[in-house]
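A.B. asks: Provided herewith: data.txt, compact mmCIF, C-alpha atoms.
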# COMPACT_ATOMS: atom_id res chain seq x y z
CA MET A 8 -22.89 10.06 -11.62
CA SER A 9 -22.39 9.78 -7.85
CA LEU A 10 -19.28 8.02 -6.58
CA LEU A 11 -19.38 4.80 -4.60
CA ARG A 12 -19.26 5.18 -0.84
CA GLY A 13 -18.14 2.77 1.84
CA ALA A 14 -21.78 2.51 2.93
CA ASP A 15 -22.52 0.89 -0.45
CA PHE A 16 -20.43 -2.15 0.44
CA ASP A 17 -22.81 -4.84 1.69
CA PRO A 18 -21.35 -8.36 1.44
CA PRO A 19 -23.40 -11.52 2.07
CA TRP A 20 -23.64 -12.64 5.69
CA PRO A 21 -20.73 -15.14 5.78
CA LEU A 22 -18.41 -12.41 4.47
CA ARG A 23 -19.47 -9.71 6.93
CA SER A 24 -16.84 -10.74 9.47
CA GLY A 25 -13.84 -8.44 9.47
CA HIS A 26 -11.60 -11.42 10.22
CA VAL A 27 -12.96 -13.40 7.26
CA GLN A 28 -12.50 -10.40 4.97
CA THR A 29 -8.95 -9.85 6.21
CA MET A 30 -7.88 -13.48 5.95
CA LEU A 31 -9.31 -13.85 2.46
CA SER A 32 -7.76 -10.62 1.17
CA SER A 33 -4.31 -12.13 0.50
CA SER A 34 -5.11 -15.83 0.60
CA GLY A 35 -4.18 -18.36 -2.04
CA VAL A 36 -7.80 -19.45 -2.12
CA ARG A 37 -8.84 -16.03 -3.31
CA ARG A 38 -6.24 -16.01 -6.07
CA LEU A 39 -7.45 -19.40 -7.30
CA LEU A 40 -11.08 -18.30 -7.40
CA LEU A 41 -10.48 -14.97 -9.13
CA PRO A 42 -11.50 -14.75 -12.77
CA ARG A 43 -8.74 -14.45 -15.34
CA ALA A 44 -9.78 -10.85 -16.00
CA ALA A 45 -8.46 -9.95 -12.55
CA GLN A 46 -4.89 -10.67 -13.69
CA THR A 47 -4.82 -9.03 -17.14
CA VAL A 48 -2.40 -6.39 -15.86
CA LEU A 49 0.26 -9.12 -16.06
CA GLN A 50 -0.17 -9.42 -19.84
CA GLY A 51 2.41 -7.35 -21.63
CA ALA A 52 3.79 -5.99 -18.36
CA GLU A 53 7.30 -4.55 -18.62
CA ALA A 54 9.57 -5.24 -15.63
CA VAL A 55 11.58 -2.11 -14.90
CA VAL A 56 14.01 -0.59 -12.40
CA VAL A 57 13.38 3.01 -11.39
CA ASP A 58 15.60 5.61 -9.77
CA GLY A 59 15.05 6.19 -6.05
CA GLY A 60 17.79 8.81 -5.80
CA GLU A 61 21.26 8.59 -4.22
CA GLY A 62 21.93 5.28 -5.95
CA VAL A 63 18.75 3.59 -4.70
CA ARG A 64 17.01 1.32 -7.22
CA LEU A 65 13.41 0.16 -6.93
CA THR A 66 11.66 -2.40 -9.11
CA GLY A 67 8.26 -2.23 -10.68
CA ALA A 68 6.09 -3.22 -13.61
CA TYR A 69 4.51 -1.04 -16.29
CA THR A 70 1.51 -2.09 -18.38
CA ALA A 71 0.15 0.09 -21.18
CA GLN A 72 -3.60 0.08 -21.72
CA THR A 73 -5.05 -1.04 -25.06
CA SER A 74 -8.78 -0.61 -24.46
CA ARG A 75 -9.02 3.04 -25.58
CA PRO A 76 -7.56 5.08 -28.44
CA ALA A 77 -5.78 7.23 -25.87
CA SER A 78 -4.88 6.56 -22.25
CA ARG A 79 -6.88 8.18 -19.47
CA GLY A 80 -3.58 8.72 -17.63
CA LEU A 81 -1.11 6.81 -15.47
CA ALA A 82 -2.22 4.99 -12.31
CA VAL A 83 0.50 4.01 -9.83
CA LEU A 84 -0.20 1.31 -7.24
CA PHE A 85 1.54 0.71 -3.89
CA HIS A 86 1.30 -2.68 -2.13
CA GLY A 87 1.25 -3.25 1.63
CA TRP A 88 4.01 -4.35 4.00
CA GLU A 89 5.62 -7.58 2.77
CA GLY A 90 3.35 -7.53 -0.27
CA SER A 91 4.55 -6.90 -3.82
CA VAL A 92 3.50 -5.83 -7.29
CA ASP A 93 2.04 -9.33 -7.66
CA SER A 94 -0.16 -9.23 -4.55
CA THR A 95 -3.72 -10.23 -5.38
CA TYR A 96 -5.26 -6.87 -4.48
CA VAL A 97 -2.69 -5.04 -6.62
CA LEU A 98 -3.33 -7.27 -9.63
CA GLN A 99 -7.09 -6.90 -9.26
CA THR A 100 -7.01 -3.13 -9.02
CA GLY A 101 -4.45 -2.80 -11.78
CA SER A 102 -6.47 -5.01 -14.10
CA ARG A 103 -9.62 -3.00 -13.47
CA LEU A 104 -7.86 0.30 -14.14
CA LEU A 105 -6.27 -1.13 -17.27
CA ARG A 106 -9.71 -2.13 -18.54
CA ASP A 107 -10.93 1.42 -17.92
CA GLY A 108 -8.14 2.82 -20.07
CA TRP A 109 -5.42 3.65 -17.54
CA ASP A 110 -1.77 2.81 -18.02
CA VAL A 111 -0.68 1.09 -14.82
CA PHE A 112 2.60 1.16 -12.91
CA ARG A 113 2.98 -1.19 -9.94
CA LEU A 114 5.89 -0.22 -7.67
CA ASN A 115 7.80 -2.46 -5.27
CA PHE A 116 9.17 -0.86 -2.15
CA ARG A 117 12.77 -1.63 -1.24
CA ASP A 118 13.25 -5.31 -0.22
CA HIS A 119 9.84 -6.32 -1.58
CA GLY A 120 9.08 -8.53 -4.56
CA ASN A 121 12.47 -10.28 -4.64
CA SER A 122 14.32 -6.96 -4.89
CA HIS A 123 16.50 -7.63 -1.84
CA PRO A 124 19.83 -7.70 -3.79
CA LEU A 125 19.37 -4.21 -5.28
CA ASN A 126 20.11 -2.06 -2.20
CA GLU A 127 22.36 -2.95 0.71
CA ALA A 128 20.51 -0.99 3.40
CA LEU A 129 17.30 -2.43 4.83
CA PHE A 130 13.78 -1.26 4.09
CA HIS A 131 11.96 0.64 6.78
CA SER A 132 8.73 2.61 6.76
CA CYS A 133 10.30 6.07 6.89
CA ARG A 134 12.00 5.69 3.50
CA ILE A 135 9.52 8.04 1.85
CA ASP A 136 12.14 10.12 0.00
CA GLU A 137 13.19 7.27 -2.28
CA VAL A 138 9.56 6.47 -3.07
CA VAL A 139 8.82 10.11 -3.97
CA HIS A 140 11.99 10.19 -6.10
CA ALA A 141 10.84 7.00 -7.83
CA LEU A 142 7.48 8.65 -8.59
CA HIS A 143 9.38 11.52 -10.18
CA ASP A 144 11.30 9.06 -12.36
CA ILE A 145 8.09 7.23 -13.29
CA ALA A 146 6.37 10.49 -14.24
CA ARG A 147 9.36 11.46 -16.39
CA ARG A 148 9.58 8.13 -18.22
CA TRP A 149 5.85 7.57 -18.69
CA PRO A 150 4.42 11.10 -18.96
CA ALA A 151 0.73 10.17 -19.27
CA ARG A 152 -1.58 12.76 -17.70
CA PRO A 153 -3.15 12.80 -15.20
CA MET A 154 -1.09 10.73 -12.77
CA VAL A 155 -2.98 9.14 -9.87
CA LEU A 156 -1.90 6.98 -6.95
CA ALA A 157 -3.53 4.25 -4.87
CA GLY A 158 -2.02 2.37 -1.95
CA PHE A 159 -3.07 -0.36 0.46
CA SER A 160 -2.27 -0.62 4.19
CA LEU A 161 1.35 0.55 4.60
CA GLY A 162 1.21 1.42 0.90
CA GLY A 163 -1.76 3.65 1.68
CA ASN A 164 0.33 5.40 4.31
CA PHE A 165 3.13 5.88 1.75
CA ALA A 166 0.60 7.15 -0.80
CA LEU A 167 -0.71 9.81 1.59
CA ARG A 168 2.78 10.95 2.50
CA ALA A 169 3.78 11.00 -1.17
CA GLY A 170 0.71 13.12 -1.88
CA LEU A 171 2.00 15.66 0.63
CA GLN A 172 5.46 15.80 -0.96
CA THR A 173 5.04 15.47 -4.72
CA SER A 174 4.94 19.24 -5.29
CA ARG A 175 8.52 19.32 -4.02
CA LEU A 176 9.74 17.60 -7.19
CA GLY A 177 6.99 18.84 -9.47
CA ILE A 178 5.35 15.43 -9.81
CA PRO A 179 2.00 15.89 -11.61
CA LEU A 180 -0.04 13.87 -9.13
CA ALA A 181 -3.77 14.60 -9.48
CA GLY A 182 -5.28 12.40 -6.78
CA VAL A 183 -4.69 9.74 -4.13
CA VAL A 184 -6.77 6.87 -2.75
CA ALA A 185 -5.53 5.11 0.40
CA VAL A 186 -7.24 1.85 1.42
CA CYS A 187 -6.92 0.95 5.12
CA PRO A 188 -3.75 3.01 5.52
CA ILE A 189 -1.66 2.93 8.66
CA ILE A 190 -2.49 6.19 10.44
CA ASP A 191 -0.79 6.08 13.84
CA PRO A 192 1.94 3.40 13.73
CA GLY A 193 2.21 3.36 17.51
CA GLU A 194 -1.46 2.49 17.88
CA GLY A 195 -1.26 0.00 15.01
CA LEU A 196 1.66 -1.86 16.56
CA PHE A 197 -0.10 -1.94 19.92
CA SER A 198 -3.29 -3.20 18.26
CA LEU A 199 -1.50 -6.12 16.63
CA GLU A 200 0.12 -7.02 19.94
CA GLN A 201 -2.74 -6.54 22.36
CA GLN A 202 -6.09 -6.50 20.53
CA ALA A 203 -5.85 -8.46 17.29
CA PRO A 204 -5.91 -12.29 17.38
CA TRP A 205 -2.45 -13.83 17.70
CA PHE A 206 -2.35 -15.18 14.14
CA TYR A 207 -2.15 -11.70 12.58
CA GLN A 208 1.12 -10.93 14.31
CA ALA A 209 2.34 -14.46 13.53
CA TYR A 210 1.51 -13.98 9.85
CA PHE A 211 3.34 -10.66 9.53
CA MET A 212 6.32 -11.87 11.56
CA HIS A 213 6.67 -14.99 9.40
CA LYS A 214 6.76 -12.90 6.24
CA TRP A 215 9.12 -10.30 7.72
CA ARG A 216 11.60 -12.89 8.99
CA HIS A 217 11.55 -14.59 5.58
CA SER A 218 12.32 -11.24 3.95
CA LEU A 219 15.16 -10.51 6.38
CA ARG A 220 16.72 -13.92 5.68
CA ALA A 221 16.53 -13.19 1.95
CA LYS A 222 18.28 -9.88 2.60
CA GLN A 223 21.01 -11.58 4.62
CA ALA A 224 21.55 -14.12 1.83
CA ALA A 225 21.86 -11.30 -0.71
CA PHE A 226 24.53 -9.53 1.38
CA PRO A 227 26.35 -12.24 3.36
CA GLN A 228 29.11 -9.79 4.35
CA GLN A 229 26.56 -7.84 6.40
CA ARG A 230 25.20 -8.78 9.80
CA TYR A 231 21.74 -7.27 9.82
CA PHE A 232 20.40 -8.94 12.99
CA GLU A 233 21.46 -11.37 15.65
CA LEU A 234 19.54 -14.65 15.77
CA SER A 235 18.17 -13.70 19.20
CA GLU A 236 16.74 -10.50 17.72
CA LEU A 237 14.99 -12.36 14.93
CA LYS A 238 13.17 -14.42 17.56
CA GLN A 239 11.68 -11.35 19.24
CA SER A 240 8.12 -10.08 18.98
CA LEU A 241 7.00 -7.52 16.41
CA ARG A 242 7.75 -4.68 18.80
CA GLY A 243 11.12 -6.11 19.82
CA LEU A 244 12.33 -6.75 16.27
CA THR A 245 11.09 -3.33 15.12
CA GLU A 246 13.01 -1.68 17.94
CA ALA A 247 16.13 -3.63 16.99
CA LEU A 248 15.69 -2.42 13.39
CA VAL A 249 15.39 1.18 14.55
CA LEU A 250 18.43 1.08 16.82
CA ARG A 251 20.63 -0.87 14.41
CA HIS A 252 19.68 0.61 11.06
CA THR A 253 18.20 4.11 11.50
CA ASP A 254 19.16 7.40 13.10
CA PHE A 255 15.88 7.83 14.98
CA GLY A 256 17.32 6.87 18.36
CA SER A 257 14.12 5.36 19.75
CA LEU A 258 11.21 3.22 18.65
CA GLN A 259 8.70 6.01 19.33
CA ALA A 260 10.64 8.55 17.26
CA TYR A 261 10.65 6.09 14.35
CA LEU A 262 6.91 5.41 14.64
CA ASP A 263 6.23 9.14 14.76
CA GLY A 264 8.35 9.48 11.63
CA TYR A 265 5.74 7.86 9.39
CA SER A 266 2.60 8.78 11.29
CA VAL A 267 -0.14 10.67 9.42
CA ALA A 268 -2.27 11.05 12.56
CA GLY A 269 -3.92 14.20 13.87
CA ASP A 270 -3.47 17.14 11.51
CA ALA A 271 -0.50 15.67 9.59
CA LEU A 272 -2.50 15.70 6.34
CA ALA A 273 -3.57 19.34 6.67
CA GLY A 274 -1.08 20.36 3.97
CA MET A 275 -2.49 18.04 1.30
CA GLN A 276 -2.98 20.10 -1.86
CA ILE A 277 -4.62 17.49 -4.10
CA PRO A 278 -7.85 15.45 -3.79
CA ALA A 279 -7.39 12.40 -1.58
CA THR A 280 -9.69 9.68 -0.29
CA ILE A 281 -9.13 7.42 2.71
CA LEU A 282 -11.25 4.27 2.72
CA THR A 283 -11.29 2.02 5.77
CA ALA A 284 -13.62 -0.38 7.56
CA ARG A 285 -14.98 -0.14 11.07
CA ASP A 286 -14.27 -3.86 11.55
CA ASP A 287 -10.61 -3.69 10.44
CA PRO A 288 -8.81 -5.90 13.01
CA VAL A 289 -5.35 -4.56 12.10
CA ILE A 290 -5.73 -0.74 12.02
CA PRO A 291 -7.94 0.64 14.83
CA VAL A 292 -10.80 2.78 13.50
CA GLU A 293 -10.30 5.24 16.36
CA ALA A 294 -7.14 6.51 14.66
CA PHE A 295 -9.22 7.53 11.63
CA GLU A 296 -11.90 9.19 13.71
CA LYS A 297 -9.28 11.44 15.33
CA LEU A 298 -7.99 12.76 12.00
CA GLN A 299 -8.18 16.50 11.37
CA LEU A 300 -8.55 16.72 7.61
CA PRO A 301 -8.78 19.55 5.09
CA SER A 302 -11.84 19.73 2.84
CA ASN A 303 -10.06 18.07 -0.10
CA VAL A 304 -9.33 14.89 1.89
CA GLU A 305 -12.32 12.53 2.13
CA LEU A 306 -12.61 10.03 4.98
CA ASP A 307 -14.93 7.12 4.20
CA ILE A 308 -15.51 4.51 6.92
CA ALA A 309 -17.44 1.43 5.79
CA ARG A 310 -19.22 -0.84 8.25
CA HIS A 311 -17.62 -4.00 6.81
CA GLY A 312 -14.50 -4.83 4.85
CA GLY A 313 -11.83 -5.95 7.30
CA HIS A 314 -8.25 -5.01 6.50
CA CYS A 315 -7.93 -4.41 2.74
CA GLY A 316 -10.62 -7.02 2.09
CA PHE A 317 -13.88 -5.51 0.81
CA ILE A 318 -14.65 -8.81 -0.94
CA ARG A 319 -18.06 -8.64 -2.58
CA GLY A 320 -18.97 -12.33 -2.74
CA TYR A 321 -17.85 -15.85 -3.47
CA GLY A 322 -16.22 -14.86 -6.76
CA MET A 323 -13.65 -12.99 -4.60
CA ALA A 324 -13.99 -9.73 -6.56
CA SER A 325 -13.25 -6.60 -4.54
CA PHE A 326 -15.41 -3.54 -4.01
CA THR A 327 -12.25 -1.42 -3.90
CA ASP A 328 -11.60 -1.99 -7.62
CA ASP A 329 -14.80 -0.17 -8.57
CA TYR A 330 -14.31 2.36 -5.78
CA ILE A 331 -10.81 3.37 -6.88
CA ALA A 332 -11.64 3.27 -10.60
CA ALA A 333 -14.66 5.55 -10.13
CA ARG A 334 -12.63 8.19 -8.32
CA PHE A 335 -9.75 8.07 -10.80
CA ASN A 336 -12.14 8.18 -13.78
CA ALA A 337 -13.78 11.26 -12.25
CA ILE A 338 -10.36 12.94 -11.98
CA ALA A 339 -9.67 12.13 -15.64
CA GLY A 340 -13.02 13.70 -16.51
Could you rewrite the structure in this file as structure tokens?
C.D. replies:
Amino acid sequence: MSLLRGADFDPPWPLRSGHVQTMLSSSGVRRLLLPRAAQTVLQGAEAVVVDGGEGVRLTGAYTAQTSRPASRGLAVLFHGWEGSVDSTYVLQTGSRLLRDGWDVFRLNFRDHGNSHPLNEALFHSCRIDEVVHALHDIARRWPARPMVLAGFSLGGNFALRAGLQTSRLGIPLAGVVAVCPIIDPGEGLFSLEQQAPWFYQAYFMHKWRHSLRAKQAAFPQQRYFELSELKQSLRGLTEALVLRHTDFGSLQAYLDGYSVAGDALAGMQIPATILTARDDPVIPVEAFEKLQLPSNVELDIARHGGHCGFIRGYGMASFTDDYIAARFNAIAG
């Protein structure tokens, strides 16, 4: 059976706008309209804390499948920036994979999903080592085979970087799917500032400031940012984060630190798929078109879909659920 392709996604006319797709992707309206089956991954989910190495603790949720006599394997899901294990797209995908016989682990990055009190240092996008270490702990504690990984937006970026590094710790990762991943953070930041409508930056900044206030409340003895810094733009606050809380020395060095642009993915040793949309208003499609990829990394650019939307119709179901499930099922054989 042939796998779904981005070209197969053809939503009805009112949903062909990339902005509509993007705004609906994480909206409360979508969550209300979703069928109950899209949230079955919550049933019987076990809240857990996993080891991120060097004293770092990350939270997550594990759900064992019950639809088959034996599990197909373990599917790990990464949310996007300021999302969580309970983001709509994570629940949808997890529920679909559960129905297909996968055990599902949904991982929160540091300072996501109300995990702010667990680690004193702030989250930033170059903290890949703790995520890879957490994958090692997950693989050890839930040794279902094969192990596969899907991520969305920043989570897609983390998934691709994890795919490059898992051999370092012997993590049995068999495949990766990244949906609308951040490719070149410098271009992405510029796009949000200069090209995307103002409300995208406002949305992300509102969520980020809320998260930083939660972090400050969890560690009142710390002074993470000055009030004047919190009032800055996305670029300004990111630069303040870099200079205050990392060793990168400059904003550009930090952005380069989690870039997967150019030939950065040339060392990928496992099958990987990158799905994006030409009308994504958050991540410029040009960054994807410049990628220099090995034969085992598939780039699939759909005409429609927005940023992590890919909503099929008025029932708010997502094309990406079937897309990811088909590729993981093929890996499981």
A.B. asks: Go through A:Asp58, A:Glu127, A:Asp136, A:Asp263 and flag the residue nearest Gly193 of chain A, using only C-alpha atoms for the distances.
C.D. replies: A:Asp263
A.B. asks: Using all atoms listed in the file, find all polymer residues with an atom at most 12 Å away from the point (-10.1, 1.5, 6.6); report them as a ChimeraX atom specification.
C.D. replies: /A:13,25,29,158-161,163-164,184-190,280-296,306-317,327
A.B. asks: Which residue, A:Arg117, A:Lys297, A:Arg220, A:Arg37, has the smallest gap to Cys133 of chain A when you use all atoms listed in the file?
C.D. replies: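 Using all atoms listed in the file, the shortest distance to Cys133 of chain A belongs to A:Arg117.
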A.B. asks: Out of A:Asn126, A:Asn303, A:Gln228, A:Thr245, which residue has the shortest atom-to-atom distance to Trp215 of chain A when counting only C-alpha atoms?
C.D. replies: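 Using only C-alpha atoms, Trp215 of chain A sits closest to A:Thr245.
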A.B. asks: Extract, using only C-alpha atoms, all DNA, RNA and protein residues at most 12 Å from Gly35 of chain A, discarding same-chain residues fewer than 4 positions from it, and format them as a PyMOL selection string.
C.D. replies: chain A and resi 30-31+39-41+94-96+323
A.B. asks: In Å to one decimal, how far is atom CA of Arg38 of chain A from atom CA of Ser102 of chain A?
C.D. replies: 13.6 Å
A.B. asks: What does the distance from atom CA of Ile277 of chain A to atom CA of Ile178 of chain A come to in Å, to one decimal?
C.D. replies: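 One can read the atom CA of Ile277 of chain A to atom CA of Ile178 of chain A distance as 11.7 Å.
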A.B. asks: Please provide as an mmCIF file with C-alpha atoms, in the frame of the given file all residues within 12 Å of Gly264 of chain A, with the sequence filter that same-chain residues fewer than 5 positions apart are discarded (counting all atoms listed in the file).
C.D. replies:
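Final file, selection_39.cif:
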data_model
loop_
_atom_site.group_PDB
_atom_site.id
_atom_site.type_symbol
_atom_site.label_atom_id
_atom_site.label_comp_id
_atom_site.auth_asym_id
_atom_site.auth_seq_id
_atom_site.Cartn_x
_atom_site.Cartn_y
_atom_site.Cartn_z
ATOM 1 C CA HIS A 131 11.960 0.640 6.780
ATOM 2 C CA SER A 132 8.730 2.610 6.760
ATOM 3 C CA CYS A 133 10.300 6.070 6.890
ATOM 4 C CA ARG A 134 12.000 5.690 3.500
ATOM 5 C CA ILE A 135 9.520 8.040 1.850
ATOM 6 C CA ASN A 164 0.330 5.400 4.310
ATOM 7 C CA PHE A 165 3.130 5.880 1.750
ATOM 8 C CA ARG A 168 2.780 10.950 2.500
ATOM 9 C CA ILE A 190 -2.490 6.190 10.440
ATOM 10 C CA ASP A 191 -0.790 6.080 13.840
ATOM 11 C CA PRO A 192 1.940 3.400 13.730
ATOM 12 C CA GLY A 193 2.210 3.360 17.510
ATOM 13 C CA VAL A 249 15.390 1.180 14.550
ATOM 14 C CA THR A 253 18.200 4.110 11.500
ATOM 15 C CA ASP A 254 19.160 7.400 13.100
ATOM 16 C CA PHE A 255 15.880 7.830 14.980
ATOM 17 C CA GLY A 256 17.320 6.870 18.360
ATOM 18 C CA SER A 257 14.120 5.360 19.750
ATOM 19 C CA LEU A 258 11.210 3.220 18.650
ATOM 20 C CA GLN A 259 8.700 6.010 19.330
ATOM 21 C CA ALA A 271 -0.500 15.670 9.590
#
A.B. asks: Name all residues at most 7 Å from Leu65 of chain A (count all atoms listed in the file; drop same-chain ones fewer than 6 positions away) and give them as an MDAnalysis selection string.
C.D. replies: chainID A and resid 56:59 115:117
A.B. asks: Could you make a table, as a tab-separated table, of the residues of segment 75-97 of chain A that have an atom within 12 Å of an atom of segment 206-212 of chain A, each with its nearest atom pair and distance in Å to one decimal, counting all atoms listed in the file, in chain and number order?
C.D. replies:
residue	atom	partner	partner_atom	distance
A:Gly87	CA	A:Phe211	CA	11.0
A:Trp88	CA	A:Phe211	CA	8.4
A:Glu89	CA	A:Phe211	CA	7.8
A:Gly90	CA	A:Phe211	CA	10.3
A.B. asks: Just to be explicit: take each residue in the selection above, keep C-alpha atoms, and write the result as a tab-separated table (two decimals), in the coordinates of the input.
C.D. replies:
chain	number	residue	atom	x	y	z
A	87	GLY	CA	1.25	-3.25	1.63
A	88	TRP	CA	4.01	-4.35	4.00
A	89	GLU	CA	5.62	-7.58	2.77
A	90	GLY	CA	3.35	-7.53	-0.27
A.B. asks: So that I can check the surroundings of Pro18 of chain A, please list as a PDB file with C-alpha atoms, in the coordinates of the input every protein, DNA and RNA residue that reaches within 7 Å of it, counting all atoms listed in the file and ignoring chain neighbours fewer than 4 positions away.
C.D. replies:
ATOM      1  CA  LEU A  22     -18.410 -12.410   4.470  1.00  0.00           C
ATOM      2  CA  ARG A  23     -19.470  -9.710   6.930  1.00  0.00           C
ATOM      3  CA  ARG A 319     -18.060  -8.640  -2.580  1.00  0.00           C
ATOM      4  CA  GLY A 320     -18.970 -12.330  -2.740  1.00  0.00           C
TER       5      GLY A 320
END
A.B. asks: So which residues are close to (-1.8, -6.7, -10.6), meaning at most 9 Å away in the file's coordinates with all atoms listed in the file counted, and can you show them as a PyMOL selection string?
C.D. replies: chain A and resi 45-49+84+92-102+111+113
A.B. asks: Just the selected residues (C-alpha atoms), exported as a compact mmCIF listing (two decimals), in the coordinates of the input, please.
C.D. replies:
# COMPACT_ATOMS: atom_id res chain seq x y z
CA ALA A 45 -8.46 -9.95 -12.55
CA GLN A 46 -4.89 -10.67 -13.69
CA THR A 47 -4.82 -9.03 -17.14
CA VAL A 48 -2.40 -6.39 -15.86
CA LEU A 49 0.26 -9.12 -16.06
CA LEU A 84 -0.20 1.31 -7.24
CA VAL A 92 3.50 -5.83 -7.29
CA ASP A 93 2.04 -9.33 -7.66
CA SER A 94 -0.16 -9.23 -4.55
CA THR A 95 -3.72 -10.23 -5.38
CA TYR A 96 -5.26 -6.87 -4.48
CA VAL A 97 -2.69 -5.04 -6.62
CA LEU A 98 -3.33 -7.27 -9.63
CA GLN A 99 -7.09 -6.90 -9.26
CA THR A 100 -7.01 -3.13 -9.02
CA GLY A 101 -4.45 -2.80 -11.78
CA SER A 102 -6.47 -5.01 -14.10
CA VAL A 111 -0.68 1.09 -14.82
CA ARG A 113 2.98 -1.19 -9.94
A.B. asks: Rounded to one decimal, what separation in Å do you get between atom CA of Gly60 of chain A and atom CA of Val183 of chain A?
C.D. replies: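 Going from atom CA of Gly60 of chain A over to atom CA of Val183 of chain A covers 22.6 Å.
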A.B. asks: Could you check the closest approach to Ser122 of chain A for each of A:Met154, A:Leu219, A:Arg79, A:His26 and tell me which residue wins, using only C-alpha atoms?
C.D. replies: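 Among A:Met154, A:Leu219, A:Arg79, A:His26, it is A:Leu219 that comes nearest to Ser122 of chain A.
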A.B. asks: So, with all atoms listed in the file as the atoms that count, which of A:Ala324, A:Ala157, A:Val304, A:Ala339 lies closest to Arg43 of chain A?
C.D. replies: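 With all atoms listed in the file as the atom set, the closest residue is A:Ala324.
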A.B. asks: If I only have part of segment 92-105 of chain A, can you fill in N, CA and C atoms and write it as a PDB file, in the coordinates of the input?
C.D. replies:
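Output contents, as saved in selection23.pdb:
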ATOM      1  N   VAL A  92       4.263  -6.199  -6.104  1.00  0.00           N
ATOM      2  CA  VAL A  92       3.500  -5.830  -7.290  1.00  0.00           C
ATOM      3  C   VAL A  92       2.587  -6.957  -7.752  1.00  0.00           C
ATOM      4  N   ASP A  93       2.851  -8.171  -7.276  1.00  0.00           N
ATOM      5  CA  ASP A  93       2.040  -9.330  -7.660  1.00  0.00           C
ATOM      6  C   ASP A  93       1.052  -9.752  -6.586  1.00  0.00           C
ATOM      7  N   SER A  94       0.872  -8.929  -5.552  1.00  0.00           N
ATOM      8  CA  SER A  94      -0.160  -9.230  -4.550  1.00  0.00           C
ATOM      9  C   SER A  94      -1.529  -9.215  -5.223  1.00  0.00           C
ATOM     10  N   THR A  95      -2.416 -10.069  -4.742  1.00  0.00           N
ATOM     11  CA  THR A  95      -3.720 -10.230  -5.380  1.00  0.00           C
ATOM     12  C   THR A  95      -4.465  -8.913  -5.515  1.00  0.00           C
ATOM     13  N   TYR A  96      -4.505  -8.120  -4.446  1.00  0.00           N
ATOM     14  CA  TYR A  96      -5.260  -6.870  -4.480  1.00  0.00           C
ATOM     15  C   TYR A  96      -4.657  -5.874  -5.466  1.00  0.00           C
ATOM     16  N   VAL A  97      -3.333  -5.917  -5.657  1.00  0.00           N
ATOM     17  CA  VAL A  97      -2.690  -5.040  -6.620  1.00  0.00           C
ATOM     18  C   VAL A  97      -3.027  -5.467  -8.046  1.00  0.00           C
ATOM     19  N   LEU A  98      -2.989  -6.760  -8.292  1.00  0.00           N
ATOM     20  CA  LEU A  98      -3.330  -7.270  -9.630  1.00  0.00           C
ATOM     21  C   LEU A  98      -4.777  -6.968  -9.981  1.00  0.00           C
ATOM     22  N   GLN A  99      -5.676  -7.173  -9.010  1.00  0.00           N
ATOM     23  CA  GLN A  99      -7.090  -6.900  -9.260  1.00  0.00           C
ATOM     24  C   GLN A  99      -7.328  -5.444  -9.615  1.00  0.00           C
ATOM     25  N   THR A 100      -6.798  -4.553  -8.784  1.00  0.00           N
ATOM     26  CA  THR A 100      -7.010  -3.130  -9.020  1.00  0.00           C
ATOM     27  C   THR A 100      -6.351  -2.692 -10.318  1.00  0.00           C
ATOM     28  N   GLY A 101      -5.139  -3.157 -10.546  1.00  0.00           N
ATOM     29  CA  GLY A 101      -4.450  -2.800 -11.780  1.00  0.00           C
ATOM     30  C   GLY A 101      -5.188  -3.270 -13.013  1.00  0.00           C
ATOM     31  N   SER A 102      -5.730  -4.472 -12.955  1.00  0.00           N
ATOM     32  CA  SER A 102      -6.470  -5.010 -14.100  1.00  0.00           C
ATOM     33  C   SER A 102      -7.734  -4.214 -14.363  1.00  0.00           C
ATOM     34  N   ARG A 103      -8.417  -3.809 -13.299  1.00  0.00           N
ATOM     35  CA  ARG A 103      -9.620  -3.000 -13.470  1.00  0.00           C
ATOM     36  C   ARG A 103      -9.289  -1.641 -14.092  1.00  0.00           C
ATOM     37  N   LEU A 104      -8.244  -1.003 -13.602  1.00  0.00           N
ATOM     38  CA  LEU A 104      -7.860   0.300 -14.140  1.00  0.00           C
ATOM     39  C   LEU A 104      -7.392   0.189 -15.584  1.00  0.00           C
ATOM     40  N   LEU A 105      -6.704  -0.888 -15.894  1.00  0.00           N
ATOM     41  CA  LEU A 105      -6.270  -1.130 -17.270  1.00  0.00           C
ATOM     42  C   LEU A 105      -7.485  -1.234 -18.192  1.00  0.00           C
TER      43      LEU A 105
END
